[in-house]
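J.: Okay, so here is coords-v9.cif, and as you'll see once you scroll down, it has mmCIF, C-alpha atoms.
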```cif
data_work
#
loop_
_atom_site.label_atom_id
_atom_site.label_comp_id
_atom_site.auth_asym_id
_atom_site.auth_seq_id
_atom_site.Cartn_x
_atom_site.Cartn_y
_atom_site.Cartn_z
CA MET X 7 58.68 10.98 3.34
CA THR X 8 56.90 14.27 3.79
CA GLN X 9 55.62 13.55 7.30
CA ILE X 10 58.38 13.21 9.88
CA ALA X 11 57.69 11.35 13.14
CA CYS X 12 58.15 13.67 16.12
CA PRO X 13 57.09 14.18 19.75
CA ILE X 14 53.36 14.91 20.09
CA GLU X 15 53.99 18.41 21.48
CA GLU X 16 56.11 19.29 18.46
CA ALA X 17 53.31 18.35 16.04
CA LEU X 18 50.77 20.14 18.27
CA ALA X 19 52.80 23.33 17.91
CA ARG X 20 51.48 23.37 14.33
CA LYS X 21 47.87 23.73 15.50
CA TYR X 22 47.53 27.51 14.98
CA PRO X 23 45.40 29.48 14.27
CA GLU X 24 43.25 28.43 17.23
CA PRO X 25 40.15 30.48 18.15
CA VAL X 26 39.67 31.30 21.82
CA VAL X 27 36.54 31.96 23.85
CA LEU X 28 35.80 33.81 27.06
CA VAL X 29 33.73 31.98 29.67
CA THR X 30 31.83 33.99 32.27
CA THR X 31 30.18 32.88 35.49
CA ARG X 32 28.39 34.52 38.42
CA ASP X 33 28.53 32.91 41.84
CA HIS X 34 25.58 32.80 44.26
CA ASP X 35 27.14 35.79 46.10
CA GLY X 36 26.83 37.85 42.90
CA ARG X 37 30.51 37.87 42.01
CA ALA X 38 31.20 37.63 38.28
CA ASN X 39 34.31 36.02 36.80
CA VAL X 40 35.76 35.53 33.33
CA MET X 41 38.37 33.16 31.96
CA ALA X 42 39.73 32.32 28.51
CA ALA X 43 39.57 28.82 27.01
CA ALA X 44 40.77 27.24 23.80
CA TRP X 45 39.58 23.67 24.34
CA VAL X 46 36.10 24.25 23.01
CA CYS X 47 33.89 22.74 20.34
CA PHE X 48 30.29 22.04 19.53
CA ALA X 49 28.79 18.93 21.06
CA SER X 50 25.25 18.92 19.63
CA SER X 51 23.11 20.89 17.20
CA GLU X 52 19.65 19.82 18.48
CA PRO X 53 19.81 21.27 21.02
CA TRP X 54 22.93 23.37 20.46
CA MET X 55 25.60 22.51 23.01
CA PHE X 56 29.17 23.62 23.62
CA LEU X 57 31.85 21.40 25.13
CA LEU X 58 34.50 23.24 27.14
CA GLY X 59 37.66 21.93 28.74
CA ILE X 60 37.99 23.75 32.09
CA ASP X 61 40.65 22.85 34.63
CA ALA X 62 39.15 21.48 37.84
CA GLY X 63 41.23 23.96 39.87
CA ALA X 64 39.76 26.98 38.09
CA ARG X 65 37.26 29.22 39.84
CA THR X 66 35.14 28.98 36.68
CA TYR X 67 34.88 25.21 37.12
CA GLU X 68 33.86 25.53 40.75
CA VAL X 69 31.18 28.15 40.01
CA ILE X 70 29.77 26.22 37.03
CA VAL X 71 29.38 23.15 39.24
CA ARG X 72 27.68 25.29 41.92
CA THR X 73 25.39 27.39 39.72
CA ARG X 74 25.05 25.16 36.62
CA GLN X 75 25.22 28.27 34.41
CA PHE X 76 27.81 30.05 32.28
CA VAL X 77 28.21 32.21 29.17
CA VAL X 78 30.51 31.47 26.21
CA ALA X 79 31.62 34.65 24.41
CA PHE X 80 33.67 35.08 21.24
CA PRO X 81 36.19 37.90 21.92
CA HIS X 82 36.91 40.15 18.94
CA GLU X 83 40.34 40.66 17.47
CA GLY X 84 40.85 43.87 19.42
CA MET X 85 40.42 42.07 22.78
CA GLY X 86 43.81 40.38 22.90
CA ARG X 87 45.06 42.08 26.07
CA GLU X 88 41.88 41.34 28.03
CA THR X 89 41.71 37.75 26.79
CA LEU X 90 45.33 37.13 27.68
CA TYR X 91 44.76 38.51 31.17
CA ALA X 92 41.61 36.41 31.64
CA GLY X 93 43.48 33.31 30.47
CA THR X 94 46.58 33.69 32.61
CA ASN X 95 45.26 34.94 35.97
CA HIS X 96 43.24 33.08 38.57
CA GLY X 97 39.70 34.09 39.44
CA HIS X 98 40.22 32.89 43.00
CA ALA X 99 42.61 35.80 43.65
CA THR X 100 41.55 38.48 41.18
CA ASP X 101 38.46 40.36 40.03
CA LYS X 102 39.20 39.82 36.35
CA PHE X 103 36.31 41.95 35.07
CA LYS X 104 37.65 44.86 37.10
CA GLU X 105 41.29 44.29 36.15
CA THR X 106 40.61 43.92 32.43
CA GLY X 107 37.96 46.60 32.21
CA LEU X 108 35.76 44.19 30.25
CA ALA X 109 32.21 45.53 30.27
CA MET X 110 29.27 43.31 31.19
CA GLN X 111 25.71 43.27 29.92
CA ASP X 112 22.86 41.38 31.60
CA ALA X 113 22.02 38.03 30.05
CA SER X 114 18.39 37.10 29.47
CA VAL X 115 18.15 33.63 31.06
CA VAL X 116 21.26 32.93 33.14
CA ARG X 117 22.83 35.07 35.88
CA ALA X 118 26.34 34.94 34.37
CA PRO X 119 27.02 38.16 32.44
CA LEU X 120 27.44 38.69 28.72
CA VAL X 121 30.73 40.19 27.54
CA ARG X 122 29.28 43.40 26.14
CA ASP X 123 31.81 44.05 23.39
CA ALA X 124 32.31 40.45 22.21
CA VAL X 125 31.41 39.25 18.71
CA ALA X 126 28.67 37.01 20.14
CA ASN X 127 27.53 35.51 23.46
CA PHE X 128 25.86 32.18 24.22
CA GLU X 129 24.02 31.65 27.51
CA CYS X 130 24.51 28.05 28.64
CA GLU X 131 23.12 25.67 31.22
CA LEU X 132 25.28 22.79 32.41
CA VAL X 133 24.21 19.42 31.01
CA GLU X 134 26.94 17.23 32.44
CA ILE X 135 30.69 16.91 32.91
CA TYR X 136 32.63 14.26 31.03
CA GLN X 137 36.26 13.41 31.77
CA PRO X 138 38.03 10.92 29.50
CA GLY X 139 41.54 12.10 30.51
CA ASP X 140 43.09 14.75 32.74
CA CYS X 141 40.62 17.59 32.03
CA PRO X 142 36.92 17.91 32.84
CA LEU X 143 34.88 18.63 29.70
CA ILE X 144 31.78 20.65 30.43
CA ALA X 145 28.78 20.11 28.14
CA GLY X 146 26.48 23.12 28.20
CA LYS X 147 23.18 23.62 26.40
CA VAL X 148 22.73 27.00 24.71
CA VAL X 149 19.55 28.58 26.08
CA ALA X 150 19.89 32.06 24.54
CA ALA X 151 22.21 33.84 22.11
CA HIS X 152 23.28 37.40 21.38
CA ALA X 153 25.34 39.00 18.64
CA ASN X 154 27.19 42.31 18.53
CA ARG X 155 25.35 44.94 16.51
CA ASP X 156 28.66 45.60 14.72
CA ALA X 157 28.60 42.86 12.05
CA ASP X 158 32.19 43.51 10.97
CA LEU X 159 33.83 42.33 14.19
CA ARG X 160 35.89 39.18 13.82
CA ARG X 161 36.94 36.53 16.33
CA LEU X 162 40.27 36.61 18.09
CA CYS X 163 42.59 33.64 17.63
CA LEU X 164 45.80 32.35 19.10
CA VAL X 165 48.24 32.56 16.20
CA GLY X 166 51.24 30.89 17.80
CA PRO X 167 52.80 29.43 20.94
CA ASP X 168 53.42 31.50 24.09
CA TYR X 169 49.91 32.96 23.92
CA ARG X 170 50.52 34.96 20.76
CA LEU X 171 47.18 36.51 19.91
CA GLY X 172 46.07 38.26 16.81
CA GLY X 173 43.29 39.10 14.45
CA LEU X 174 43.25 36.97 11.33
CA ARG X 175 42.36 37.78 7.76
CA PRO X 176 41.90 35.38 4.86
CA ALA X 177 45.20 35.05 2.98
CA MET O 183 22.89 47.59 24.39
CA THR O 184 25.75 46.31 22.28
CA GLN O 185 24.66 42.67 22.34
CA ILE O 186 21.37 42.04 20.56
CA ALA O 187 19.37 38.90 21.39
CA CYS O 188 18.96 36.71 18.30
CA PRO O 189 18.35 33.11 17.19
CA ILE O 190 21.21 30.78 18.17
CA GLU O 191 22.08 30.04 14.52
CA GLU O 192 22.44 33.74 13.80
CA ALA O 193 24.98 34.18 16.61
CA LEU O 194 26.75 30.97 15.57
CA ALA O 195 27.26 32.45 12.10
CA ARG O 196 29.81 34.72 13.82
CA LYS O 197 32.01 31.75 14.79
CA TYR O 198 34.58 32.07 11.96
CA PRO O 199 37.50 31.52 11.52
CA GLU O 200 37.07 27.85 12.43
CA PRO O 201 39.95 25.40 11.82
CA VAL O 202 39.07 22.09 10.17
CA VAL O 203 40.71 18.68 10.38
CA LEU O 204 40.80 15.62 8.15
CA VAL O 205 40.05 12.26 9.79
CA THR O 206 41.31 9.10 8.14
CA THR O 207 40.40 5.47 8.80
CA ARG O 208 41.25 2.07 7.31
CA ASP O 209 38.71 -0.73 7.50
CA HIS O 210 39.62 -4.37 8.15
CA ASP O 211 39.35 -5.00 4.39
CA GLY O 212 42.14 -2.47 3.80
CA ARG O 213 39.97 0.33 2.42
CA ALA O 214 41.05 3.80 3.49
CA ASN O 215 38.65 6.72 3.89
CA VAL O 216 38.94 10.40 4.73
CA MET O 217 36.43 12.95 5.98
CA ALA O 218 36.55 16.56 7.16
CA ALA O 219 35.43 17.65 10.62
CA ALA O 220 35.17 20.97 12.41
CA TRP O 221 33.78 19.79 15.74
CA VAL O 222 37.14 19.00 17.26
CA CYS O 223 39.06 19.97 20.39
CA PHE O 224 41.55 18.64 22.85
CA ALA O 225 40.18 16.48 25.64
CA SER O 226 43.32 15.73 27.69
CA SER O 227 47.01 16.58 27.78
CA GLU O 228 48.25 13.59 29.84
CA PRO O 229 47.80 11.59 27.74
CA TRP O 230 47.02 13.82 24.78
CA MET O 231 43.51 13.16 23.46
CA PHE O 232 41.35 14.65 20.74
CA LEU O 233 37.58 14.83 20.90
CA LEU O 234 35.83 14.64 17.52
CA GLY O 235 32.16 15.04 16.67
CA ILE O 236 31.44 12.45 13.95
CA ASP O 237 27.91 11.79 12.68
CA ALA O 238 26.76 8.26 13.49
CA GLY O 239 25.76 7.78 9.84
CA ALA O 240 29.26 8.48 8.53
CA ARG O 241 31.46 5.69 7.26
CA THR O 242 34.23 7.14 9.42
CA TYR O 243 32.13 6.57 12.54
CA GLU O 244 31.39 2.98 11.58
CA VAL O 245 35.05 2.17 10.84
CA ILE O 246 36.32 3.84 14.03
CA VAL O 247 33.89 1.73 16.07
CA ARG O 248 35.06 -1.40 14.20
CA THR O 249 38.83 -0.80 14.20
CA ARG O 250 39.22 1.55 17.18
CA GLN O 251 41.82 3.55 15.22
CA PHE O 252 41.96 6.80 13.23
CA VAL O 253 44.27 9.64 12.26
CA VAL O 254 43.60 13.36 12.76
CA ALA O 255 45.38 15.54 10.18
CA PHE O 256 45.61 19.33 9.91
CA PRO O 257 45.11 20.22 6.21
CA HIS O 258 47.18 23.15 4.97
CA GLU O 259 45.74 26.28 3.45
CA GLY O 260 46.25 24.97 -0.09
CA MET O 261 44.06 21.91 0.55
CA GLY O 262 40.68 23.65 0.38
CA ARG O 263 39.32 21.73 -2.60
CA GLU O 264 40.25 18.32 -1.17
CA THR O 265 38.95 19.19 2.29
CA LEU O 266 35.67 20.44 0.89
CA TYR O 267 35.26 17.24 -1.12
CA ALA O 268 36.10 15.08 1.90
CA GLY O 269 33.61 17.01 4.01
CA THR O 270 30.69 16.96 1.61
CA ASN O 271 30.78 13.45 0.10
CA HIS O 272 29.97 10.12 1.75
CA GLY O 273 32.64 7.46 2.20
CA HIS O 274 29.98 4.77 1.85
CA ALA O 275 29.62 5.58 -1.84
CA THR O 276 32.97 7.11 -2.82
CA ASP O 277 36.69 6.40 -2.63
CA LYS O 278 37.53 9.86 -1.36
CA PHE O 279 41.30 9.40 -1.40
CA LYS O 280 41.07 8.50 -5.08
CA GLU O 281 38.63 11.27 -5.95
CA THR O 282 40.58 13.99 -4.15
CA GLY O 283 44.03 12.77 -5.13
CA LEU O 284 45.11 13.14 -1.49
CA ALA O 285 48.33 11.19 -1.02
CA MET O 286 48.74 8.74 1.88
CA GLN O 287 51.78 7.84 3.92
CA ASP O 288 51.98 4.83 6.25
CA ALA O 289 51.42 5.59 9.90
CA SER O 290 53.71 4.05 12.51
CA VAL O 291 51.26 2.54 15.01
CA VAL O 292 47.74 2.51 13.52
CA ARG O 293 46.60 1.13 10.16
CA ALA O 294 44.74 4.32 9.16
CA PRO O 295 46.92 6.36 6.79
CA LEU O 296 48.59 9.71 7.33
CA VAL O 297 47.65 12.55 4.96
CA ARG O 298 51.08 12.97 3.40
CA ASP O 299 50.92 16.68 2.58
CA ALA O 300 49.11 17.86 5.73
CA VAL O 301 50.65 20.26 8.25
CA ALA O 302 50.69 17.52 10.91
CA ASN O 303 49.15 14.09 11.62
CA PHE O 304 48.13 12.46 14.91
CA GLU O 305 47.64 8.70 15.14
CA CYS O 306 44.80 7.96 17.57
CA GLU O 307 43.29 4.99 19.35
CA LEU O 308 39.65 5.14 20.39
CA VAL O 309 39.18 5.66 24.13
CA GLU O 310 35.41 5.95 24.26
CA ILE O 311 32.39 7.61 22.70
CA TYR O 312 30.42 10.19 24.61
CA GLN O 313 27.09 11.58 23.46
CA PRO O 314 25.47 14.40 25.43
CA GLY O 315 23.22 15.53 22.55
CA ASP O 316 22.59 14.56 18.93
CA CYS O 317 26.20 13.85 17.90
CA PRO O 318 28.61 11.13 19.05
CA LEU O 319 31.85 12.64 20.37
CA ILE O 320 34.82 10.36 19.86
CA ALA O 321 37.65 10.59 22.40
CA GLY O 322 40.91 9.31 20.90
CA LYS O 323 44.31 9.01 22.57
CA VAL O 324 47.25 10.24 20.48
CA VAL O 325 49.74 7.38 20.17
CA ALA O 326 52.12 8.89 17.59
CA ALA O 327 52.57 12.23 15.84
CA HIS O 328 54.13 13.50 12.62
CA ALA O 329 54.80 16.95 11.23
CA ASN O 330 55.38 18.13 7.67
CA ARG O 331 59.02 18.85 6.96
CA ASP O 332 57.88 22.19 5.49
CA ALA O 333 57.63 24.30 8.65
CA ASP O 334 55.98 27.23 6.83
CA LEU O 335 52.71 25.42 6.03
CA ARG O 336 49.70 26.82 7.86
CA ARG O 337 46.37 25.26 8.79
CA LEU O 338 43.28 25.63 6.66
CA CYS O 339 40.23 27.24 8.26
CA LEU O 340 36.61 27.76 7.43
CA VAL O 341 36.34 31.53 7.03
CA GLY O 342 32.60 31.84 6.56
CA PRO O 343 29.27 30.07 6.08
CA ASP O 344 28.58 27.80 3.08
CA TYR O 345 31.91 26.00 3.52
CA ARG O 346 34.02 29.01 2.58
CA LEU O 347 37.59 27.86 3.13
CA GLY O 348 40.77 29.86 3.15
CA GLY O 349 44.21 30.41 4.55
CA LEU O 350 44.52 32.94 7.32
CA ARG O 351 47.20 35.47 8.13
CA PRO O 352 47.56 37.60 11.23
CA ALA O 353 45.86 40.94 10.59
#
```
Could you write out this structure as structure tokens?
T.:
Amino acid sequence: MTQIACPIEEALARKYPEPVVLVTTRDHDGRANVMAAAWVCFASSEPWMFLLGIDAGARTYEVIVRTRQFVVAFPHEGMGRETLYAGTNHGHATDKFKETGLAMQDASVVRAPLVRDAVANFECELVEIYQPGDCPLIAGKVVAAHANRDADLRRLCLVGPDYRLGGLRPA
Amino acid sequence: MTQIACPIEEALARKYPEPVVLVTTRDHDGRANVMAAAWVCFASSEPWMFLLGIDAGARTYEVIVRTRQFVVAFPHEGMGRETLYAGTNHGHATDKFKETGLAMQDASVVRAPLVRDAVANFECELVEIYQPGDCPLIAGKVVAAHANRDADLRRLCLVGPDYRLGGLRPA
């Protein structure tokens, strides 16, 4: 027996590496926010859609419901500190762009900002919210895309439990 | 301007590394099948659920609808050849377990087999199928989990376009 039965969380601890994304929003009052998310995948290729698991208590969730817009950005492997901050602090209480020093760039279609130094950014419009379990899953259609002019930047991943972040290179 | 507007596919080509999973099924006639999938994320933590994008034309899709059971396995970084085969050949025409030589191990709850040498395996029962765009997204509840007794195995990822697969190490 090579596979040993174990609690689900123990097997899930073998899930790394796990890429992370940043999700930005801008509320009707102009305030921008950014969070980190790891529950993310593609949901459609025609049109391109992302699916994002966002906790219903998060400011990002609230603003996406209100504005129906957001941006998905791929942080690069040098953005670990900022991504960790964005993923472990609440947008209700904190101006996370200010605290992290993450720079913004205007998007072309949506009001939510691009993350200027990310590997790539995807402007999204909310399609609908699906909830099969305890987390709302936000389906967003990509309406515009942007890539960093530095083609050598690589995506940041979680490489282990307790939010261990790192760049990754092929073995 | 650091971010340059571009076609969506061009920005998506910056998505790597991207972890892949193997999905196994067993039809009512006893026949096992395995495919590779990269559109996968968590959908719930209480209970734990996976969400998997599976093309409606795939044998895996058909058998999941019929049996309401499947297994999600994390291939290790030495399973590139098998994963590539499983991801680029159709289960309608091919016995992919036989062709790849992937070994099976009996699961504890579902009839679909575990991938014996994978990093971890998750037995799943179909919850429902959600389709916001062109791809069915299968929500499955994890009903049992297994991990490889070799704790040093790491997950296989796609590291670039054209199905380039590789192990990854922290930079």
J.: Around the point (32.3, 7.1, 10.4) (coordinates from the file), which residues reach within 10 Å if we count all atoms listed in the file? Answer as a list in words.
T.: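 Residues close enough to count: Val205, Thr206, Thr207, Asn215, Val216, Met217, Ile236, Asp237, Ala238, Gly239, Ala240, Arg241, Thr242, Tyr243, Glu244, Val245, Ile246, Val247, Arg248, His272, Gly273 and His274 of chain O.
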J.: Report as JSON lines: every residue of chain O with an atom at most 6 Å from chain X, its closest pair of atoms, and their distance in Å to one decimal, counting all atoms listed in the file, with rows sorted by chain and ascending residue number.
T.:
```
{"residue": "O:Thr184", "atom": "CA", "partner": "X:Asn154", "partner_atom": "CA", "distance": 5.7}
{"residue": "O:Gln185", "atom": "CA", "partner": "X:Asn154", "partner_atom": "CA", "distance": 4.6}
{"residue": "O:Ile186", "atom": "CA", "partner": "X:His152", "partner_atom": "CA", "distance": 5.1}
{"residue": "O:Ala187", "atom": "CA", "partner": "X:His152", "partner_atom": "CA", "distance": 4.2}
{"residue": "O:Cys188", "atom": "CA", "partner": "X:His152", "partner_atom": "CA", "distance": 5.4}
{"residue": "O:Ile190", "atom": "CA", "partner": "X:Ala151", "partner_atom": "CA", "distance": 5.1}
{"residue": "O:Ala193", "atom": "CA", "partner": "X:Ala153", "partner_atom": "CA", "distance": 5.2}
{"residue": "O:Trp221", "atom": "CA", "partner": "X:Cys47", "partner_atom": "CA", "distance": 5.5}
{"residue": "O:Val222", "atom": "CA", "partner": "X:Cys47", "partner_atom": "CA", "distance": 5.8}
{"residue": "O:Cys223", "atom": "CA", "partner": "X:Trp45", "partner_atom": "CA", "distance": 5.4}
{"residue": "O:Phe224", "atom": "CA", "partner": "X:Trp45", "partner_atom": "CA", "distance": 5.6}
{"residue": "O:Ser226", "atom": "CA", "partner": "X:Gly139", "partner_atom": "CA", "distance": 4.9}
{"residue": "O:Arg298", "atom": "CA", "partner": "X:Thr8", "partner_atom": "CA", "distance": 6.0}
{"residue": "O:Ala302", "atom": "CA", "partner": "X:Ala17", "partner_atom": "CA", "distance": 5.8}
{"residue": "O:Gly315", "atom": "CA", "partner": "X:Ser50", "partner_atom": "CA", "distance": 4.9}
{"residue": "O:Asp316", "atom": "CA", "partner": "X:Ser50", "partner_atom": "CA", "distance": 5.2}
{"residue": "O:Cys317", "atom": "CA", "partner": "X:Ser50", "partner_atom": "CA", "distance": 5.4}
{"residue": "O:Ala327", "atom": "CA", "partner": "X:Ile14", "partner_atom": "CA", "distance": 5.1}
{"residue": "O:His328", "atom": "CA", "partner": "X:Ala11", "partner_atom": "CA", "distance": 4.2}
{"residue": "O:Ala329", "atom": "CA", "partner": "X:Ala17", "partner_atom": "CA", "distance": 5.2}
{"residue": "O:Asn330", "atom": "CA", "partner": "X:Gln9", "partner_atom": "CA", "distance": 4.6}
{"residue": "O:Arg331", "atom": "CA", "partner": "X:Thr8", "partner_atom": "CA", "distance": 6.0}
{"residue": "O:Gly348", "atom": "CA", "partner": "X:Pro176", "partner_atom": "CA", "distance": 5.9}
{"residue": "O:Gly349", "atom": "CA", "partner": "X:Ala177", "partner_atom": "CA", "distance": 5.0}
{"residue": "O:Leu350", "atom": "CA", "partner": "X:Pro176", "partner_atom": "CA", "distance": 4.3}
{"residue": "O:Arg351", "atom": "CA", "partner": "X:Leu174", "partner_atom": "CA", "distance": 5.3}
{"residue": "O:Pro352", "atom": "CA", "partner": "X:Leu174", "partner_atom": "CA", "distance": 4.4}
{"residue": "O:Ala353", "atom": "CA", "partner": "X:Leu174", "partner_atom": "CA", "distance": 4.8}
```
J.: Give me, please, the distance in Å between atom CA of Cys306 of chain O and atom CA of Leu284 of chain O, quoted to one decimal.
T.: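 Those two atoms sit 19.8 Å apart.
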J.: So what does the PyMOL selection byres ((chain O and resi 269) around 7) actually pick up in this one, as a short mmCIF file (atom, residue, chain, number, x, y, z; two decimals) with C-alpha atoms, in the frame of the given file?
T.:
```cif
data_model
loop_
_atom_site.label_atom_id
_atom_site.label_comp_id
_atom_site.auth_asym_id
_atom_site.auth_seq_id
_atom_site.Cartn_x
_atom_site.Cartn_y
_atom_site.Cartn_z
CA MET O 217 36.43 12.95 5.98
CA ALA O 218 36.55 16.56 7.16
CA ALA O 219 35.43 17.65 10.62
CA THR O 265 38.95 19.19 2.29
CA LEU O 266 35.67 20.44 0.89
CA TYR O 267 35.26 17.24 -1.12
CA ALA O 268 36.10 15.08 1.90
CA THR O 270 30.69 16.96 1.61
CA ASN O 271 30.78 13.45 0.10
#
```
J.: State, in Å with one decimal place, the distance from atom CA of His34 of chain X to atom CA of Asp101 of chain X.
T.: 15.5 Å
J.: What does the distance from atom CA of Thr249 of chain O to atom CA of Met261 of chain O come to in Å, to one decimal?
T.: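 Computing the Euclidean distance for atom CA of Thr249 of chain O and atom CA of Met261 of chain O yields 27.0 Å.
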J.: Which centre and which edge lengths, in Å to one decimal, describe the axis-aligned box that holds all listed atoms of segment 157-162 of chain X after 8 Å is added on each side, as JSON?
T.:
```
{"center_x": 34.4, "center_y": 40.0, "center_z": 14.5, "size_x": 27.7, "size_y": 23.0, "size_z": 23.1}
```
J.: Using only C-alpha atoms, which of X:Pro119, X:Gly36, X:Val26, X:Glu88 sits nearest Glu105 of chain X?
T.: X:Glu88
